[in-house]
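The block underneath contains the structure these notes are about, expressed in structure tokens.
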Amino acid sequence: MKTDLDTYWKLRLERCVQALKNNHFGAWLAENRDDARSIVMESILPHIPVQSVSWGDSITFHATGVLNAIRQNPRIRVLETFAQDLTFDEKIERRRQALLVDLFFTGSNAVTEAGQLVNLDMIGNRVGGIAFGPRHVVILAGRNKLVDDVDAAMQRIRSYAAPVNAIRHANFKTPCMKTGRCMDCSSPDRICNTWTITEKSFPRERIHVVLINEDLGL
Ligand code: SF4
């Protein structure tokens, strides 16, 4: 059942979809994670030639079930870059190869009202794939990622998304895991290494953004 909150977010998200389209992104509004999966599988995939797929770390992407749906298609090769049985070096090599797939999925740390994507990455495979390499990119982002502007995006990422993301990796050792605040650390495990602001999609609609009217991801 739709709530007043859903209606509020729908209004804001609709404006953001238009802003994203003005910035040459393919842009879609999904009611929830299941609707997002339907949009990807039925409205985006049939219009782009896809033989290989990979992804950058994204809780939202996994929550939509898109990966499982794609795995049902025997004509699509899924390049696994997070398999537990891979060594660190093997994961890095696969993530390098993932930059050449036909279709790359990930999330976004923030999406501005003006239709920009703001991200902060540890290794760089996620922001690398957004910027260049994969022929097509699909970004899945919950409504909680919508912010006023780039300053608000960076504030959101520094003060919330990055510390929580560090806490998610129990084997890391960063000061924010103890304090819950960014300490602008020099830890070898620092997850905050490369910022990107994606102002526009080039070529037009190389990047599709599916905004989801549900709180998802960090
Ligand atoms: S810079 Fe360091 S302390 Fe700050 S959020 Fe990133 S990992 Fe945590």
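We label chains A, B, ... in the order they appear in the structure tokens, count residues from 1 in each chain, and number ligands from 1 in the order shown.
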* To do: Can you check which residues of stretch 4-186 of chain A DSSP gives as strand (DSSP E) on the backbone and send them as a ChimeraX atom specification?
  => /A:26-30,52-55,77-78,103-106,110-112,117-121,136-142,146-147
Same residues, N, CA and C atoms, saved as a compact mmCIF listing (two decimals), in the first residue's frame:
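As a result, out-v6.txt now contains:
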```
# COMPACT_ATOMS: atom_id res chain seq x y z
N GLY A 26 19.92 7.45 -19.59
CA GLY A 26 18.63 6.79 -19.60
C GLY A 26 18.14 6.83 -18.16
N ALA A 27 16.90 7.17 -17.91
CA ALA A 27 16.46 7.32 -16.52
C ALA A 27 15.08 6.72 -16.33
N TRP A 28 14.92 6.03 -15.22
CA TRP A 28 13.70 5.27 -14.96
C TRP A 28 13.32 5.43 -13.50
N LEU A 29 12.02 5.35 -13.23
CA LEU A 29 11.54 5.38 -11.85
C LEU A 29 10.83 4.07 -11.55
N ALA A 30 11.32 3.36 -10.54
CA ALA A 30 10.73 2.09 -10.14
C ALA A 30 10.01 2.26 -8.81
N SER A 52 28.06 -10.24 -22.18
CA SER A 52 28.83 -10.38 -20.94
C SER A 52 28.39 -9.31 -19.94
N VAL A 53 28.37 -9.73 -18.66
CA VAL A 53 27.89 -8.86 -17.58
C VAL A 53 28.82 -8.98 -16.39
N SER A 54 29.06 -7.86 -15.71
CA SER A 54 29.70 -7.92 -14.40
C SER A 54 29.17 -6.76 -13.56
N TRP A 55 29.73 -6.57 -12.38
CA TRP A 55 29.16 -5.54 -11.50
C TRP A 55 30.20 -5.05 -10.51
N ARG A 77 27.29 -14.31 -20.42
CA ARG A 77 28.40 -14.74 -19.57
C ARG A 77 28.50 -13.79 -18.38
N VAL A 78 28.45 -14.33 -17.18
CA VAL A 78 28.55 -13.49 -15.97
C VAL A 78 29.96 -13.60 -15.43
N LEU A 103 27.90 -5.08 -20.29
CA LEU A 103 26.98 -4.41 -19.36
C LEU A 103 27.50 -4.52 -17.93
N PHE A 104 27.63 -3.37 -17.30
CA PHE A 104 28.18 -3.29 -15.95
C PHE A 104 27.11 -2.71 -15.03
N PHE A 105 26.85 -3.38 -13.92
CA PHE A 105 25.87 -2.90 -12.94
C PHE A 105 26.58 -2.37 -11.72
N THR A 106 26.02 -1.36 -11.12
CA THR A 106 26.44 -0.95 -9.79
C THR A 106 25.41 0.00 -9.20
N ALA A 110 25.42 8.61 -4.17
CA ALA A 110 24.46 9.72 -4.10
C ALA A 110 24.05 10.12 -5.51
N VAL A 111 22.83 10.65 -5.61
CA VAL A 111 22.32 11.21 -6.87
C VAL A 111 21.76 12.58 -6.52
N THR A 112 22.21 13.60 -7.25
CA THR A 112 21.75 14.96 -6.91
C THR A 112 20.43 15.29 -7.62
N LEU A 117 25.71 11.96 -10.64
CA LEU A 117 26.04 10.80 -9.81
C LEU A 117 27.34 11.10 -9.07
N VAL A 118 27.33 10.92 -7.76
CA VAL A 118 28.54 11.19 -6.96
C VAL A 118 28.94 9.90 -6.25
N ASN A 119 30.20 9.54 -6.42
CA ASN A 119 30.68 8.27 -5.87
C ASN A 119 32.08 8.40 -5.29
N LEU A 120 32.33 7.56 -4.30
CA LEU A 120 33.65 7.47 -3.66
C LEU A 120 34.00 6.00 -3.57
N ASP A 121 35.20 5.66 -4.05
CA ASP A 121 35.53 4.25 -4.22
C ASP A 121 36.85 3.90 -3.55
N HIS A 136 27.87 -0.58 -21.74
CA HIS A 136 26.65 -0.05 -21.12
C HIS A 136 26.76 -0.20 -19.61
N VAL A 137 26.12 0.73 -18.90
CA VAL A 137 26.13 0.71 -17.43
C VAL A 137 24.70 0.90 -16.94
N VAL A 138 24.31 0.11 -15.95
CA VAL A 138 23.03 0.34 -15.28
C VAL A 138 23.30 0.59 -13.81
N ILE A 139 22.83 1.74 -13.32
CA ILE A 139 22.99 2.14 -11.92
C ILE A 139 21.63 1.98 -11.24
N LEU A 140 21.61 1.29 -10.12
CA LEU A 140 20.38 1.13 -9.34
C LEU A 140 20.54 1.90 -8.04
N ALA A 141 19.60 2.79 -7.73
CA ALA A 141 19.76 3.64 -6.55
C ALA A 141 18.43 3.84 -5.84
N GLY A 142 18.42 3.60 -4.54
CA GLY A 142 17.23 3.83 -3.72
C GLY A 142 17.00 5.31 -3.48
N LEU A 146 19.07 10.23 -2.84
CA LEU A 146 18.80 11.53 -3.46
C LEU A 146 19.18 12.67 -2.52
N VAL A 147 19.98 13.61 -3.01
CA VAL A 147 20.44 14.75 -2.20
C VAL A 147 20.28 16.03 -3.00
```
Residues of chain A that have any atom at most 8 Å from an atom of ligand 1: could you tabulate them with the shortest-distance atom pair and the distance in Å to one decimal, using only C-alpha atoms and all ligand atoms, ordered by chain and increasing number, as a tab-separated table?
```
residue	atom	partner	partner_atom_place_in_ligand_line	distance
A:Arg158	CA	ligand 1	5 (S)	5.8
A:Ser159	CA	ligand 1	5 (S)	7.2
A:Ala161	CA	ligand 1	5 (S)	7.9
A:Ala162	CA	ligand 1	5 (S)	4.5
A:Pro163	CA	ligand 1	5 (S)	4.5
A:Ala166	CA	ligand 1	7 (S)	6.1
A:Thr174	CA	ligand 1	7 (S)	5.4
A:Pro175	CA	ligand 1	3 (S)	5.2
A:Cys176	CA	ligand 1	3 (S)	4.4
A:Met177	CA	ligand 1	8 (Fe)	6.9
A:Arg181	CA	ligand 1	3 (S)	6.7
A:Cys182	CA	ligand 1	4 (Fe)	3.5
A:Met183	CA	ligand 1	3 (S)	4.1
A:Asp184	CA	ligand 1	1 (S)	4.0
A:Cys185	CA	ligand 1	2 (Fe)	4.1
A:Ser186	CA	ligand 1	2 (Fe)	6.6
A:Ser187	CA	ligand 1	2 (Fe)	6.5
A:Asp189	CA	ligand 1	7 (S)	6.7
A:Arg190	CA	ligand 1	7 (S)	3.9
A:Ile191	CA	ligand 1	7 (S)	4.6
A:Cys192	CA	ligand 1	6 (Fe)	4.4
A:Asn193	CA	ligand 1	1 (S)	7.8
```
* stretch 10-19 of chain A environment, 6 Å, only C-alpha atoms, sequence neighbours closer than 6 positions dropped, as JSON, numbers by chain -> {"A": [27, 113, 114, 115]}
* Assign secondary structure with DSSP using the backbone only, and return the residues of stretch 3-217 of chain A in alpha helix (DSSP H) as a ChimeraX atom specification. => /A:4-22,33-38,59-64,66-71,88-97,125-131,150-156,162-168,176-179
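Using only C-alpha atoms, the shortest contact distance between A:Ile44 and any of A:Asn144, A:Asn22, A:Gly128, A:Val66 is found at A:Val66.
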* To do: Rounded to one decimal place, report the atom CA of A:Phe172-atom CA of A:Gln97 distance in Å.
  => 25.0 Å
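Considering only C-alpha atoms, the residue among A:Ala131, A:Leu99, A:Ala69, A:Val164 positioned nearest to A:Thr196 is A:Ala131.
Here atom CA of A:Leu20 and atom CA of A:Ile123 stand 26.3 Å from one another.
Using only C-alpha atoms for every distance, the candidate list A:Ile207, A:Ile92, A:Leu67, A:Leu79 yields A:Ile207 as the residue closest to A:Gly129.
Between A:Arg206 and the residues A:Glu31, A:Asp148, A:Leu86, A:Arg135, the shortest atom-to-atom distance, using only C-alpha atoms, involves A:Arg135.
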* How many Å lie between atom CA of A:Phe25 and atom CA of A:Arg204, rounded to one decimal? -> 6.3 Å
Spatial neighbours of A:Met41, 12 Å, only C-alpha atoms, chain gap at least 6 places, as a JSON list (two decimals) with N, CA and C atoms, in the first residue's frame:
```json
[["chain", "number", "residue", "atom", "x", "y", "z"],
["A", 34, "ASP", "N", 11.32, -4.90, -6.91],
["A", 34, "ASP", "CA", 10.83, -5.85, -7.92],
["A", 34, "ASP", "C", 10.53, -5.13, -9.24],
["A", 35, "ASP", "N", 9.98, -3.94, -9.10],
["A", 35, "ASP", "CA", 9.70, -3.14, -10.30],
["A", 35, "ASP", "C", 11.02, -2.76, -10.98],
["A", 47, "HIS", "N", 17.01, -3.93, -25.39],
["A", 47, "HIS", "CA", 17.40, -2.90, -26.35],
["A", 47, "HIS", "C", 18.91, -2.71, -26.46],
["A", 48, "ILE", "N", 19.68, -3.52, -25.73],
["A", 48, "ILE", "CA", 21.14, -3.41, -25.87],
["A", 48, "ILE", "C", 21.71, -4.81, -26.08],
["A", 50, "VAL", "N", 23.87, -7.71, -25.33],
["A", 50, "VAL", "CA", 24.62, -8.07, -24.13],
["A", 50, "VAL", "C", 25.02, -9.54, -24.19],
["A", 64, "THR", "N", 17.79, -6.10, -5.71],
["A", 64, "THR", "CA", 16.79, -6.14, -6.78],
["A", 64, "THR", "C", 16.62, -7.53, -7.38],
["A", 65, "GLY", "N", 17.59, -8.42, -7.17],
["A", 65, "GLY", "CA", 17.49, -9.74, -7.76],
["A", 65, "GLY", "C", 17.83, -9.78, -9.24],
["A", 66, "VAL", "N", 18.36, -8.69, -9.76],
["A", 66, "VAL", "CA", 18.70, -8.64, -11.19],
["A", 66, "VAL", "C", 19.77, -9.67, -11.54],
["A", 67, "LEU", "N", 20.75, -9.82, -10.66],
["A", 67, "LEU", "CA", 21.84, -10.75, -10.97],
["A", 67, "LEU", "C", 21.30, -12.18, -11.12],
["A", 68, "ASN", "N", 20.43, -12.58, -10.20],
["A", 68, "ASN", "CA", 19.86, -13.93, -10.31],
["A", 68, "ASN", "C", 19.06, -14.10, -11.59],
["A", 69, "ALA", "N", 18.34, -13.06, -11.97],
["A", 69, "ALA", "CA", 17.55, -13.13, -13.21],
["A", 69, "ALA", "C", 18.47, -13.26, -14.41],
["A", 70, "ILE", "N", 19.58, -12.55, -14.42],
["A", 70, "ILE", "CA", 20.51, -12.62, -15.55],
["A", 70, "ILE", "C", 21.18, -13.99, -15.61],
["A", 71, "ARG", "N", 21.43, -14.56, -14.45],
["A", 71, "ARG", "CA", 22.08, -15.89, -14.42],
["A", 71, "ARG", "C", 21.20, -16.96, -15.06],
["A", 72, "GLN", "N", 19.90, -16.68, -15.20],
["A", 72, "GLN", "CA", 19.00, -17.65, -15.84],
["A", 72, "GLN", "C", 19.16, -17.65, -17.36],
["A", 73, "ASN", "N", 19.86, -16.65, -17.88],
["A", 73, "ASN", "CA", 20.01, -16.53, -19.34],
["A", 73, "ASN", "C", 21.33, -17.18, -19.77],
["A", 138, "VAL", "N", 24.31, 0.11, -15.95],
["A", 138, "VAL", "CA", 23.03, 0.34, -15.28],
["A", 138, "VAL", "C", 23.30, 0.59, -13.81],
["A", 210, "VAL", "N", 18.31, 3.70, -12.67],
["A", 210, "VAL", "CA", 16.98, 3.30, -12.20],
["A", 210, "VAL", "C", 16.85, 3.76, -10.75]]
```
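Comparing A:Asn171, A:Asn23, A:Gln51, A:Asn165 by their smallest distance to A:Arg75, the closest is A:Gln51 (using only C-alpha atoms).
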